[in-house]
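Visitor: Pasting coords29.cif here (mmCIF, N, CA and C atoms and all ligand atoms):
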data_upload
#
loop_
_atom_site.label_atom_id
_atom_site.label_comp_id
_atom_site.auth_asym_id
_atom_site.auth_seq_id
_atom_site.Cartn_x
_atom_site.Cartn_y
_atom_site.Cartn_z
N MET A 1 -184.35 189.10 -132.06
CA MET A 1 -183.46 187.94 -131.93
C MET A 1 -184.19 186.68 -132.37
N LYS A 2 -185.50 186.55 -131.99
CA LYS A 2 -186.25 185.32 -132.26
C LYS A 2 -186.42 185.09 -133.76
N ASN A 3 -186.44 186.19 -134.56
CA ASN A 3 -186.77 186.05 -135.96
C ASN A 3 -185.58 185.58 -136.80
N ARG A 4 -184.38 185.84 -136.33
CA ARG A 4 -183.21 185.48 -137.12
C ARG A 4 -182.88 184.00 -136.91
N LEU A 5 -182.63 183.30 -138.02
CA LEU A 5 -182.25 181.90 -137.90
C LEU A 5 -180.84 181.83 -137.32
N ARG A 6 -180.67 181.10 -136.24
CA ARG A 6 -179.39 181.09 -135.54
C ARG A 6 -178.44 180.07 -136.14
N SER A 7 -177.16 180.33 -135.99
CA SER A 7 -176.13 179.41 -136.49
C SER A 7 -175.39 178.79 -135.30
N VAL A 8 -174.47 177.88 -135.59
CA VAL A 8 -173.68 177.27 -134.50
C VAL A 8 -172.87 178.33 -133.77
N TYR A 9 -172.61 179.47 -134.44
CA TYR A 9 -171.82 180.52 -133.79
C TYR A 9 -172.63 181.29 -132.75
N ASP A 10 -173.94 181.07 -132.73
CA ASP A 10 -174.78 181.66 -131.67
C ASP A 10 -174.84 180.76 -130.44
N CYS A 11 -174.29 179.57 -130.53
CA CYS A 11 -174.22 178.68 -129.36
C CYS A 11 -173.01 179.11 -128.54
N ALA A 12 -173.23 179.41 -127.29
CA ALA A 12 -172.14 180.03 -126.52
C ALA A 12 -172.06 179.43 -125.12
N LEU A 13 -170.85 179.46 -124.59
CA LEU A 13 -170.67 179.03 -123.20
C LEU A 13 -171.22 180.10 -122.26
N VAL A 14 -171.92 179.65 -121.23
CA VAL A 14 -172.47 180.54 -120.22
C VAL A 14 -171.78 180.19 -118.90
N HIS A 15 -171.12 181.15 -118.30
CA HIS A 15 -170.37 180.88 -117.07
C HIS A 15 -171.22 181.19 -115.84
N PHE A 16 -171.18 180.31 -114.88
CA PHE A 16 -171.92 180.49 -113.63
C PHE A 16 -170.94 180.86 -112.51
N PRO A 17 -171.44 181.48 -111.48
CA PRO A 17 -170.55 181.79 -110.35
C PRO A 17 -169.99 180.51 -109.76
N LYS A 18 -168.74 180.61 -109.29
CA LYS A 18 -168.10 179.46 -108.63
C LYS A 18 -167.55 179.97 -107.31
N ILE A 19 -168.03 179.38 -106.23
CA ILE A 19 -167.56 179.77 -104.90
C ILE A 19 -166.61 178.68 -104.42
N PRO A 20 -165.30 178.93 -104.54
CA PRO A 20 -164.36 177.89 -104.11
C PRO A 20 -164.33 177.77 -102.60
N ASP A 21 -164.17 176.57 -102.13
CA ASP A 21 -164.20 176.34 -100.67
C ASP A 21 -163.42 175.05 -100.41
N ASP A 22 -162.64 175.03 -99.33
CA ASP A 22 -161.91 173.81 -98.99
C ASP A 22 -162.86 172.64 -98.76
N ARG A 23 -164.12 172.96 -98.43
CA ARG A 23 -165.10 171.89 -98.18
C ARG A 23 -165.75 171.39 -99.45
N GLY A 24 -165.37 172.03 -100.57
CA GLY A 24 -166.00 171.67 -101.85
C GLY A 24 -166.54 172.92 -102.51
N ASN A 25 -166.49 172.97 -103.84
CA ASN A 25 -166.93 174.17 -104.57
C ASN A 25 -168.44 174.21 -104.67
N LEU A 26 -168.95 175.42 -104.88
CA LEU A 26 -170.41 175.61 -105.02
C LEU A 26 -170.65 176.54 -106.20
N SER A 27 -171.56 176.16 -107.05
CA SER A 27 -172.00 177.05 -108.14
C SER A 27 -173.50 177.16 -108.10
N PHE A 28 -174.03 178.21 -108.72
CA PHE A 28 -175.49 178.39 -108.71
C PHE A 28 -175.94 179.06 -110.00
N ILE A 29 -177.23 178.94 -110.26
CA ILE A 29 -177.83 179.56 -111.44
C ILE A 29 -179.03 180.37 -110.99
N GLU A 30 -179.07 181.63 -111.39
CA GLU A 30 -180.26 182.46 -111.21
C GLU A 30 -180.79 182.77 -112.61
N GLN A 31 -182.02 182.43 -112.83
CA GLN A 31 -182.57 182.55 -114.18
C GLN A 31 -182.33 183.93 -114.77
N ARG A 32 -182.64 184.95 -114.03
CA ARG A 32 -182.55 186.30 -114.60
C ARG A 32 -181.12 186.74 -114.86
N ASN A 33 -180.18 186.18 -114.13
CA ASN A 33 -178.79 186.62 -114.27
C ASN A 33 -177.95 185.75 -115.19
N HIS A 34 -178.31 184.49 -115.32
CA HIS A 34 -177.38 183.57 -115.98
C HIS A 34 -177.94 182.82 -117.17
N ILE A 35 -179.25 182.79 -117.31
CA ILE A 35 -179.85 182.00 -118.38
C ILE A 35 -180.64 182.93 -119.31
N PRO A 36 -180.36 182.90 -120.63
CA PRO A 36 -180.98 183.87 -121.54
C PRO A 36 -182.40 183.50 -121.98
N PHE A 37 -183.12 182.70 -121.18
CA PHE A 37 -184.52 182.39 -121.47
C PHE A 37 -185.19 182.01 -120.16
N ASN A 38 -186.51 181.97 -120.18
CA ASN A 38 -187.24 181.53 -118.99
C ASN A 38 -187.20 180.01 -118.90
N ILE A 39 -186.78 179.50 -117.76
CA ILE A 39 -186.65 178.05 -117.60
C ILE A 39 -188.03 177.44 -117.34
N ALA A 40 -188.46 176.59 -118.27
CA ALA A 40 -189.75 175.92 -118.11
C ALA A 40 -189.58 174.48 -117.61
N ARG A 41 -188.37 173.95 -117.76
CA ARG A 41 -188.18 172.51 -117.49
C ARG A 41 -186.71 172.24 -117.27
N ALA A 42 -186.43 171.27 -116.43
CA ALA A 42 -185.07 170.75 -116.29
C ALA A 42 -185.15 169.23 -116.44
N TYR A 43 -184.19 168.66 -117.15
CA TYR A 43 -184.07 167.20 -117.18
C TYR A 43 -182.60 166.85 -117.15
N TRP A 44 -182.30 165.61 -116.85
CA TRP A 44 -180.90 165.22 -116.76
C TRP A 44 -180.70 163.84 -117.35
N ILE A 45 -179.51 163.66 -117.89
CA ILE A 45 -179.14 162.42 -118.57
C ILE A 45 -177.97 161.81 -117.80
N TYR A 46 -178.06 160.54 -117.48
CA TYR A 46 -177.07 159.91 -116.60
C TYR A 46 -177.04 158.41 -116.91
N ASP A 47 -176.07 157.71 -116.35
CA ASP A 47 -175.91 156.27 -116.59
C ASP A 47 -175.82 155.96 -118.08
N VAL A 48 -175.10 156.80 -118.81
CA VAL A 48 -174.98 156.58 -120.25
C VAL A 48 -173.93 155.49 -120.49
N PRO A 49 -174.28 154.40 -121.14
CA PRO A 49 -173.29 153.35 -121.40
C PRO A 49 -172.20 153.87 -122.33
N GLY A 50 -170.99 153.32 -122.18
CA GLY A 50 -169.86 153.73 -123.02
C GLY A 50 -170.21 153.63 -124.50
N GLY A 51 -169.83 154.65 -125.25
CA GLY A 51 -170.03 154.63 -126.70
C GLY A 51 -171.40 155.11 -127.15
N GLU A 52 -172.33 155.33 -126.22
CA GLU A 52 -173.68 155.77 -126.61
C GLU A 52 -173.70 157.28 -126.85
N SER A 53 -174.65 157.72 -127.67
CA SER A 53 -174.86 159.16 -127.85
C SER A 53 -176.34 159.47 -127.59
N ARG A 54 -176.62 160.72 -127.27
CA ARG A 54 -177.99 161.19 -127.04
C ARG A 54 -178.24 162.37 -127.96
N GLY A 55 -179.50 162.72 -128.09
CA GLY A 55 -179.84 163.87 -128.93
C GLY A 55 -180.04 163.43 -130.36
N SER A 56 -179.21 163.93 -131.27
CA SER A 56 -179.39 163.71 -132.71
C SER A 56 -180.75 164.20 -133.16
N HIS A 57 -181.00 165.44 -132.86
CA HIS A 57 -182.22 166.11 -133.31
C HIS A 57 -182.06 167.61 -133.11
N ALA A 58 -183.04 168.34 -133.65
CA ALA A 58 -183.11 169.79 -133.40
C ALA A 58 -184.49 170.08 -132.82
N TYR A 59 -184.64 171.23 -132.23
CA TYR A 59 -185.95 171.70 -131.78
C TYR A 59 -186.33 172.92 -132.62
N ARG A 60 -187.58 172.99 -132.97
CA ARG A 60 -188.03 174.15 -133.75
C ARG A 60 -187.90 175.43 -132.93
N GLU A 61 -188.38 175.39 -131.70
CA GLU A 61 -188.48 176.61 -130.89
C GLU A 61 -187.59 176.57 -129.65
N MET A 62 -187.44 175.38 -129.10
CA MET A 62 -186.89 175.31 -127.74
C MET A 62 -185.43 175.73 -127.68
N GLU A 63 -185.13 176.52 -126.65
CA GLU A 63 -183.74 176.88 -126.33
C GLU A 63 -183.33 176.04 -125.13
N GLU A 64 -182.04 175.73 -125.07
CA GLU A 64 -181.54 174.90 -123.96
C GLU A 64 -180.21 175.42 -123.46
N CYS A 65 -179.92 175.05 -122.22
CA CYS A 65 -178.58 175.24 -121.69
C CYS A 65 -178.16 173.89 -121.09
N ILE A 66 -177.05 173.34 -121.58
CA ILE A 66 -176.59 172.02 -121.17
C ILE A 66 -175.38 172.18 -120.26
N ILE A 67 -175.40 171.52 -119.11
CA ILE A 67 -174.32 171.64 -118.13
C ILE A 67 -173.83 170.23 -117.78
N ALA A 68 -172.50 170.05 -117.79
CA ALA A 68 -171.92 168.78 -117.34
C ALA A 68 -171.76 168.87 -115.83
N LEU A 69 -172.76 168.42 -115.10
CA LEU A 69 -172.70 168.51 -113.63
C LEU A 69 -171.63 167.60 -113.07
N SER A 70 -171.39 166.50 -113.76
CA SER A 70 -170.35 165.55 -113.37
C SER A 70 -169.75 164.95 -114.63
N GLY A 71 -168.45 164.68 -114.60
CA GLY A 71 -167.81 164.07 -115.77
C GLY A 71 -167.80 165.01 -116.96
N GLY A 72 -167.89 164.45 -118.14
CA GLY A 72 -167.83 165.29 -119.32
C GLY A 72 -168.34 164.56 -120.55
N PHE A 73 -168.58 165.35 -121.60
CA PHE A 73 -169.06 164.81 -122.88
C PHE A 73 -168.89 165.90 -123.93
N ASP A 74 -169.02 165.52 -125.19
CA ASP A 74 -168.95 166.48 -126.29
C ASP A 74 -170.36 166.77 -126.81
N VAL A 75 -170.58 168.00 -127.23
CA VAL A 75 -171.83 168.34 -127.91
C VAL A 75 -171.47 168.74 -129.34
N LEU A 76 -171.95 167.94 -130.29
CA LEU A 76 -171.76 168.26 -131.70
C LEU A 76 -172.91 169.15 -132.13
N LEU A 77 -172.58 170.33 -132.65
CA LEU A 77 -173.57 171.30 -133.11
C LEU A 77 -173.50 171.40 -134.62
N ASP A 78 -174.65 171.55 -135.26
CA ASP A 78 -174.69 171.58 -136.72
C ASP A 78 -175.86 172.47 -137.13
N ASP A 79 -175.59 173.43 -138.02
CA ASP A 79 -176.70 174.28 -138.49
C ASP A 79 -177.01 174.04 -139.97
N GLY A 80 -176.53 172.91 -140.47
CA GLY A 80 -176.77 172.58 -141.87
C GLY A 80 -175.67 173.07 -142.77
N ILE A 81 -174.86 174.00 -142.27
CA ILE A 81 -173.73 174.52 -143.05
C ILE A 81 -172.44 174.30 -142.26
N ALA A 82 -172.41 174.81 -141.05
CA ALA A 82 -171.21 174.69 -140.21
C ALA A 82 -171.46 173.69 -139.09
N GLN A 83 -170.36 173.10 -138.64
CA GLN A 83 -170.40 172.20 -137.48
C GLN A 83 -169.42 172.71 -136.43
N LYS A 84 -169.72 172.41 -135.19
CA LYS A 84 -168.83 172.81 -134.10
C LYS A 84 -168.96 171.76 -133.02
N ILE A 85 -167.85 171.39 -132.39
CA ILE A 85 -167.90 170.46 -131.26
C ILE A 85 -167.46 171.21 -130.01
N VAL A 86 -168.30 171.17 -128.98
CA VAL A 86 -167.98 171.83 -127.71
C VAL A 86 -167.86 170.75 -126.64
N THR A 87 -166.74 170.74 -125.94
CA THR A 87 -166.57 169.79 -124.84
C THR A 87 -167.02 170.44 -123.54
N LEU A 88 -167.92 169.76 -122.83
CA LEU A 88 -168.38 170.24 -121.52
C LEU A 88 -167.83 169.28 -120.46
N ASN A 89 -167.09 169.81 -119.52
CA ASN A 89 -166.52 168.94 -118.46
C ASN A 89 -166.29 169.68 -117.15
N ARG A 90 -167.00 170.79 -116.97
CA ARG A 90 -166.94 171.53 -115.71
C ARG A 90 -168.35 171.90 -115.28
N ALA A 91 -168.58 171.90 -113.97
CA ALA A 91 -169.94 172.15 -113.46
C ALA A 91 -170.24 173.64 -113.36
N TYR A 92 -169.29 174.51 -113.68
CA TYR A 92 -169.51 175.95 -113.52
C TYR A 92 -169.72 176.69 -114.84
N TYR A 93 -169.90 175.93 -115.93
CA TYR A 93 -170.38 176.59 -117.14
C TYR A 93 -171.26 175.64 -117.93
N GLY A 94 -172.07 176.24 -118.80
CA GLY A 94 -172.98 175.46 -119.62
C GLY A 94 -172.94 175.96 -121.05
N LEU A 95 -173.61 175.24 -121.93
CA LEU A 95 -173.66 175.59 -123.35
C LEU A 95 -175.07 176.02 -123.70
N TYR A 96 -175.21 177.27 -124.14
CA TYR A 96 -176.51 177.76 -124.60
C TYR A 96 -176.71 177.37 -126.06
N ILE A 97 -177.87 176.76 -126.37
CA ILE A 97 -178.19 176.38 -127.75
C ILE A 97 -179.56 176.96 -128.10
N PRO A 98 -179.62 177.87 -129.08
CA PRO A 98 -180.92 178.41 -129.48
C PRO A 98 -181.72 177.38 -130.26
N GLY A 99 -182.92 177.76 -130.67
CA GLY A 99 -183.76 176.87 -131.46
C GLY A 99 -183.17 176.62 -132.85
N MET A 100 -183.63 175.56 -133.49
CA MET A 100 -183.26 175.21 -134.86
C MET A 100 -181.77 174.94 -135.06
N ILE A 101 -181.15 174.34 -134.02
CA ILE A 101 -179.76 173.89 -134.14
C ILE A 101 -179.74 172.37 -133.89
N TRP A 102 -179.16 171.65 -134.82
CA TRP A 102 -179.02 170.20 -134.67
C TRP A 102 -177.94 169.92 -133.63
N ARG A 103 -178.18 168.97 -132.73
CA ARG A 103 -177.18 168.64 -131.71
C ARG A 103 -177.13 167.15 -131.43
N ARG A 104 -175.93 166.70 -131.09
CA ARG A 104 -175.75 165.32 -130.61
C ARG A 104 -174.76 165.35 -129.45
N MET A 105 -175.11 164.65 -128.38
CA MET A 105 -174.22 164.56 -127.21
C MET A 105 -173.53 163.21 -127.28
N GLN A 106 -172.20 163.22 -127.18
CA GLN A 106 -171.44 161.99 -127.40
C GLN A 106 -170.18 161.98 -126.54
N ASN A 107 -169.49 160.84 -126.57
CA ASN A 107 -168.23 160.69 -125.81
C ASN A 107 -168.42 160.95 -124.32
N PHE A 108 -169.48 160.41 -123.76
CA PHE A 108 -169.74 160.58 -122.33
C PHE A 108 -168.67 159.85 -121.52
N SER A 109 -168.13 160.53 -120.52
CA SER A 109 -167.21 159.85 -119.61
C SER A 109 -168.02 159.03 -118.60
N THR A 110 -167.33 158.11 -117.94
CA THR A 110 -168.01 157.26 -116.96
C THR A 110 -168.64 158.12 -115.86
N ASN A 111 -169.85 157.82 -115.49
CA ASN A 111 -170.57 158.51 -114.42
C ASN A 111 -170.85 159.98 -114.71
N SER A 112 -170.87 160.36 -115.98
CA SER A 112 -171.18 161.77 -116.26
C SER A 112 -172.69 162.02 -116.11
N VAL A 113 -172.99 163.26 -115.74
CA VAL A 113 -174.38 163.69 -115.59
C VAL A 113 -174.56 164.99 -116.35
N ALA A 114 -175.50 165.01 -117.30
CA ALA A 114 -175.80 166.22 -118.07
C ALA A 114 -177.11 166.80 -117.56
N LEU A 115 -177.04 168.02 -117.06
CA LEU A 115 -178.27 168.73 -116.67
C LEU A 115 -178.65 169.64 -117.83
N VAL A 116 -179.93 169.58 -118.22
CA VAL A 116 -180.40 170.41 -119.32
C VAL A 116 -181.53 171.31 -118.83
N LEU A 117 -181.35 172.61 -118.99
CA LEU A 117 -182.39 173.58 -118.69
C LEU A 117 -183.05 173.96 -120.00
N ALA A 118 -184.37 173.91 -120.04
CA ALA A 118 -185.08 174.08 -121.31
C ALA A 118 -186.11 175.19 -121.20
N SER A 119 -186.36 175.86 -122.33
CA SER A 119 -187.26 177.02 -122.33
C SER A 119 -188.72 176.66 -122.46
N LEU A 120 -189.02 175.38 -122.75
CA LEU A 120 -190.41 174.95 -122.97
C LEU A 120 -190.66 173.62 -122.29
N PRO A 121 -191.92 173.34 -121.95
CA PRO A 121 -192.25 171.99 -121.49
C PRO A 121 -192.01 170.99 -122.61
N TYR A 122 -191.94 169.71 -122.25
CA TYR A 122 -191.70 168.66 -123.25
C TYR A 122 -192.82 168.67 -124.29
N SER A 123 -192.42 168.70 -125.55
CA SER A 123 -193.40 168.68 -126.64
C SER A 123 -192.81 167.92 -127.81
N PRO A 124 -193.33 166.72 -128.10
CA PRO A 124 -192.79 165.94 -129.22
C PRO A 124 -192.89 166.70 -130.54
N ASP A 125 -193.88 167.59 -130.67
CA ASP A 125 -194.06 168.32 -131.93
C ASP A 125 -192.92 169.31 -132.20
N ASP A 126 -192.18 169.65 -131.16
CA ASP A 126 -191.08 170.61 -131.34
C ASP A 126 -189.82 169.95 -131.90
N TYR A 127 -189.80 168.61 -131.89
CA TYR A 127 -188.61 167.89 -132.34
C TYR A 127 -188.54 167.79 -133.86
N ILE A 128 -187.34 167.92 -134.40
CA ILE A 128 -187.06 167.53 -135.79
C ILE A 128 -186.01 166.43 -135.68
N ARG A 129 -186.39 165.21 -136.02
CA ARG A 129 -185.51 164.05 -135.78
C ARG A 129 -184.82 163.57 -137.04
N ASP A 130 -185.24 164.09 -138.18
CA ASP A 130 -184.64 163.66 -139.45
C ASP A 130 -183.71 164.77 -139.95
N TYR A 131 -182.43 164.42 -140.14
CA TYR A 131 -181.45 165.46 -140.46
C TYR A 131 -181.73 166.12 -141.82
N ASP A 132 -182.11 165.32 -142.82
CA ASP A 132 -182.39 165.91 -144.14
C ASP A 132 -183.58 166.87 -144.07
N ARG A 133 -184.57 166.50 -143.27
CA ARG A 133 -185.73 167.39 -143.10
C ARG A 133 -185.31 168.67 -142.39
N TYR A 134 -184.42 168.51 -141.42
CA TYR A 134 -183.91 169.69 -140.70
C TYR A 134 -183.24 170.67 -141.67
N VAL A 135 -182.36 170.13 -142.52
CA VAL A 135 -181.64 171.00 -143.47
C VAL A 135 -182.63 171.66 -144.41
N SER A 136 -183.63 170.91 -144.84
CA SER A 136 -184.60 171.49 -145.75
C SER A 136 -185.45 172.56 -145.07
N LEU A 137 -185.82 172.34 -143.80
CA LEU A 137 -186.59 173.35 -143.06
C LEU A 137 -185.75 174.61 -142.86
N ARG A 138 -184.47 174.45 -142.64
CA ARG A 138 -183.59 175.63 -142.48
C ARG A 138 -183.58 176.43 -143.77
N GLY A 139 -183.51 175.70 -144.89
CA GLY A 139 -183.51 176.38 -146.19
C GLY A 139 -184.80 177.19 -146.39
N GLU A 140 -185.93 176.60 -145.98
CA GLU A 140 -187.22 177.29 -146.14
C GLU A 140 -187.31 178.52 -145.24
N SER A 141 -186.58 178.50 -144.11
CA SER A 141 -186.69 179.60 -143.15
C SER A 141 -185.74 180.74 -143.44
N GLN A 142 -184.85 180.58 -144.44
CA GLN A 142 -183.83 181.63 -144.69
C GLN A 142 -184.48 182.90 -145.17
P1 LIG B 1 -185.30 162.46 -126.14
O1 LIG B 1 -185.42 163.94 -125.99
O2 LIG B 1 -185.63 161.88 -127.48
O3 LIG B 1 -183.86 162.01 -125.69
P2 LIG B 1 -182.50 162.08 -126.52
O4 LIG B 1 -182.54 163.37 -127.26
O5 LIG B 1 -181.42 162.06 -125.52
O6 LIG B 1 -182.45 160.91 -127.41
O7 LIG B 1 -186.20 161.79 -125.01
C1 LIG B 1 -186.17 160.40 -124.77
C2 LIG B 1 -187.52 159.97 -124.24
O8 LIG B 1 -187.83 160.65 -123.03
C3 LIG B 1 -188.66 160.27 -125.20
O9 LIG B 1 -189.52 159.15 -125.19
C4 LIG B 1 -189.39 161.44 -124.61
C5 LIG B 1 -189.08 161.35 -123.15
N1 LIG B 1 -188.95 162.68 -122.52
C6 LIG B 1 -189.95 163.15 -121.73
O10 LIG B 1 -191.00 162.50 -121.53
N2 LIG B 1 -189.82 164.38 -121.13
C7 LIG B 1 -188.72 165.13 -121.32
O11 LIG B 1 -188.62 166.26 -120.76
C8 LIG B 1 -187.67 164.63 -122.17
C9 LIG B 1 -186.43 165.43 -122.43
C10 LIG B 1 -187.83 163.41 -122.75
#
How would this structure read if it were set down as structure tokens?
Ligand code: TYD
Guide:
Amino acid sequence: MKNRLRSVYDCALVHFPKIPDDRGNLSFIEQRNHIPFNIARAYWIYDVPGGESRGSHAYREMEECIIALSGGFDVLLDDGIAQKIVTLNRAYYGLYIPGMIWRRMQNFSTNSVALVLASLPYSPDDYIRDYDRYVSLRGESQ
């Protein structure tokens, strides 16, 4: 799986258990059951001003799962050929994104919170921040 260059069609929704309750719903994540990689890090994005976007980069290696814990936002996915927009607005599913996929998070609703589970510790060297370079690196990896 690691050797094949992934496309936007490999980005998939991952559903988590949802325990409905009159006192409020509860969902949970167990790494071995729900996340297709070992979780090395979690970070979250919040207090996003209206009209702002986050991301606009790809990672060489890192895999992520993005969850809208509160509110909602769109994730624009791009593999240099195809594009896909996935709307996340429920706390009981997330979006799995393999390595080498360009992404931008946009259209954040007021008070939205994005939780991101990542397969690697933070490493600036893993980022590809220039879109033209990303497309060219994808071409070299085919
Ligand atoms: P970045 O990943 O560039 O955010 P976005 O993709 O939303 O634009 O991260 C923004 C800043 O936060 C950058 O200076 C690096 C820092 N950062 C960490 O120190 N650790 C982390 O785990 C993350 C995700 C970012």
Visitor: Could you pull out the residues sitting within 8 Å of ligand LIG 1 (chain B), using only N, CA and C atoms and all ligand atoms, and write them as a list of chain:residue names?
Guide: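 Answer in the requested format: A:Arg41, A:Ala42, A:Tyr43, A:Trp44, A:Ile45, A:Ser53, A:Arg54, A:Gly55, A:Ser56, A:His57, A:Arg103, A:Arg104, A:Met105, A:Leu120, A:Pro121, A:Tyr122, A:Ser123, A:Pro124.
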Visitor: Given the choices A:Met62, A:Leu13, A:Ile39, A:Ala68, which gets closest to Met100 (chain A) if the distance is worked out from all atoms listed in the file?
Guide: A:Met62
Visitor: From a DSSP calculation on the backbone, collect every residue of region 20-125 of chain A in strand (DSSP E) and output the set as a PyMOL selection string.
Guide: chain A and resi 26-27+41-45+54-59+64-70+73-78+83-88+93-97+102-106+113-118
Visitor: Identify the residues within 6.5 Å of coordinate (-176.7, 158.0, -116.0) (same frame as the file), considering all atoms listed in the file, and give the answer as a list of chain:residue names.
Guide: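 The requested residues, written out, are A:Ile45, A:Tyr46, A:Asp47, A:Val48, A:Asn111, A:Ser112, A:Val113.
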Visitor: Take atom C of Val8 (chain A) and atom N of Thr110 (chain A) and report the distance between them in Å, one decimal.
Guide: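 Computing it gives 26.3 Å between the two atoms.
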Visitor: Neighbouring residues of Gln106 (chain A) were defined as those with any atom within 7 Å, considering only N, CA and C atoms; residues of the same chain fewer than 6 positions away were excluded. Please report them as a ChimeraX atom specification.
Guide: /A:51-54,72-76
Visitor: Provide the CA of Ser109 (chain A) to CA of Leu95 (chain A) distance in Å, to one decimal place.
Guide: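 Rounded to one decimal, the two atoms are 17.4 Å apart.
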Visitor: Output as CSV one row per residue of region 9-68 of chain A within 5 Å of region 125-135 of chain A: the closest atom pair and its distance in Å to one decimal place, counting only N, CA and C atoms, sorted by chain and residue number ascending.
Guide:
residue,atom,partner,partner_atom,distance
A:His57,CA,A:Ile128,C,4.5
A:Ala58,C,A:Ile128,N,3.9
A:Tyr59,CA,A:Asp126,C,4.2
A:Arg60,N,A:Asp126,C,3.9
Visitor: Rank A:Ala114, A:Asn38, A:Phe16, A:Trp102 by their smallest atom-to-atom distance to Gly80 (chain A), using all atoms listed in the file, and report the top residue only.
Guide: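 Closest to Gly80 (chain A) of all the choices is A:Trp102.
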Visitor: For a test of reading the model, state the distance in Å between atom N of Ala12 (chain A) and atom C of Gly94 (chain A), rounded to one decimal.
Guide: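 Separation between atom N of Ala12 (chain A) and atom C of Gly94 (chain A): 7.1 Å.
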Visitor: Pick the closest to Leu69 (chain A) from A:Tyr93, A:Gln83, A:Gly99, A:Cys11: which is it, counting only C-alpha atoms?
Guide: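 Of A:Tyr93, A:Gln83, A:Gly99, A:Cys11, the one nearest Leu69 (chain A) is A:Tyr93, counting only C-alpha atoms.
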Visitor: DSSP on the backbone: what in chain A comes out alpha helix (DSSP H), as a list in words?
Guide: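 DSSP-assigned alpha helix (DSSP H) residues in chain A: Gln31, Arg32, Asn33, His34, Tyr131, Asp132, Arg133, Tyr134, Val135, Ser136, Leu137, Arg138, Gly139, Glu140 and Ser141 of chain A.
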Visitor: Name all residues at most 12 Å from His15 (chain A) (count only C-alpha atoms; drop same-chain ones fewer than 6 positions away) and give them as an mmCIF file with N, CA and C atoms, in the coordinates of the input.
Guide:
data_model
loop_
_atom_site.group_PDB
_atom_site.id
_atom_site.type_symbol
_atom_site.label_atom_id
_atom_site.label_comp_id
_atom_site.auth_asym_id
_atom_site.auth_seq_id
_atom_site.Cartn_x
_atom_site.Cartn_y
_atom_site.Cartn_z
ATOM 1 N N SER A 27 -171.560 176.160 -107.050
ATOM 2 C CA SER A 27 -172.000 177.050 -108.140
ATOM 3 C C SER A 27 -173.500 177.160 -108.100
ATOM 4 N N PHE A 28 -174.030 178.210 -108.720
ATOM 5 C CA PHE A 28 -175.490 178.390 -108.710
ATOM 6 C C PHE A 28 -175.940 179.060 -110.000
ATOM 7 N N ILE A 29 -177.230 178.940 -110.260
ATOM 8 C CA ILE A 29 -177.830 179.560 -111.440
ATOM 9 C C ILE A 29 -179.030 180.370 -110.990
ATOM 10 N N GLU A 30 -179.070 181.630 -111.390
ATOM 11 C CA GLU A 30 -180.260 182.460 -111.210
ATOM 12 C C GLU A 30 -180.790 182.770 -112.610
ATOM 13 N N ASN A 33 -180.180 186.180 -114.130
ATOM 14 C CA ASN A 33 -178.790 186.620 -114.270
ATOM 15 C C ASN A 33 -177.950 185.750 -115.190
ATOM 16 N N HIS A 34 -178.310 184.490 -115.320
ATOM 17 C CA HIS A 34 -177.380 183.570 -115.980
ATOM 18 C C HIS A 34 -177.940 182.820 -117.170
ATOM 19 N N ILE A 35 -179.250 182.790 -117.310
ATOM 20 C CA ILE A 35 -179.850 182.000 -118.380
ATOM 21 C C ILE A 35 -180.640 182.930 -119.310
ATOM 22 N N PRO A 36 -180.360 182.900 -120.630
ATOM 23 C CA PRO A 36 -180.980 183.870 -121.540
ATOM 24 C C PRO A 36 -182.400 183.500 -121.980
ATOM 25 N N CYS A 65 -179.920 175.050 -122.220
ATOM 26 C CA CYS A 65 -178.580 175.240 -121.690
ATOM 27 C C CYS A 65 -178.160 173.890 -121.090
ATOM 28 N N ILE A 66 -177.050 173.340 -121.580
ATOM 29 C CA ILE A 66 -176.590 172.020 -121.170
ATOM 30 C C ILE A 66 -175.380 172.180 -120.260
ATOM 31 N N ILE A 67 -175.400 171.520 -119.110
ATOM 32 C CA ILE A 67 -174.320 171.640 -118.130
ATOM 33 C C ILE A 67 -173.830 170.230 -117.780
ATOM 34 N N LEU A 88 -167.920 169.760 -122.830
ATOM 35 C CA LEU A 88 -168.380 170.240 -121.520
ATOM 36 C C LEU A 88 -167.830 169.280 -120.460
ATOM 37 N N ARG A 90 -167.000 170.790 -116.970
ATOM 38 C CA ARG A 90 -166.940 171.530 -115.710
ATOM 39 C C ARG A 90 -168.350 171.900 -115.280
ATOM 40 N N ALA A 91 -168.580 171.900 -113.970
ATOM 41 C CA ALA A 91 -169.940 172.150 -113.460
ATOM 42 C C ALA A 91 -170.240 173.640 -113.360
ATOM 43 N N TYR A 92 -169.290 174.510 -113.680
ATOM 44 C CA TYR A 92 -169.510 175.950 -113.520
ATOM 45 C C TYR A 92 -169.720 176.690 -114.840
ATOM 46 N N TYR A 93 -169.900 175.930 -115.930
ATOM 47 C CA TYR A 93 -170.380 176.590 -117.140
ATOM 48 C C TYR A 93 -171.260 175.640 -117.930
ATOM 49 N N GLY A 94 -172.070 176.240 -118.800
ATOM 50 C CA GLY A 94 -172.980 175.460 -119.620
ATOM 51 C C GLY A 94 -172.940 175.960 -121.050
ATOM 52 N N LEU A 95 -173.610 175.240 -121.930
ATOM 53 C CA LEU A 95 -173.660 175.590 -123.350
ATOM 54 C C LEU A 95 -175.070 176.020 -123.700
ATOM 55 N N TYR A 96 -175.210 177.270 -124.140
ATOM 56 C CA TYR A 96 -176.510 177.760 -124.600
ATOM 57 C C TYR A 96 -176.710 177.370 -126.060
#
Visitor: Taking only C-alpha atoms into account, which of A:Arg4, A:Asn89, A:Phe108, A:Ser136 comes nearest Pro49 (chain A)?
Guide: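 Of A:Arg4, A:Asn89, A:Phe108, A:Ser136, the one nearest Pro49 (chain A), counting only C-alpha atoms, is A:Phe108.
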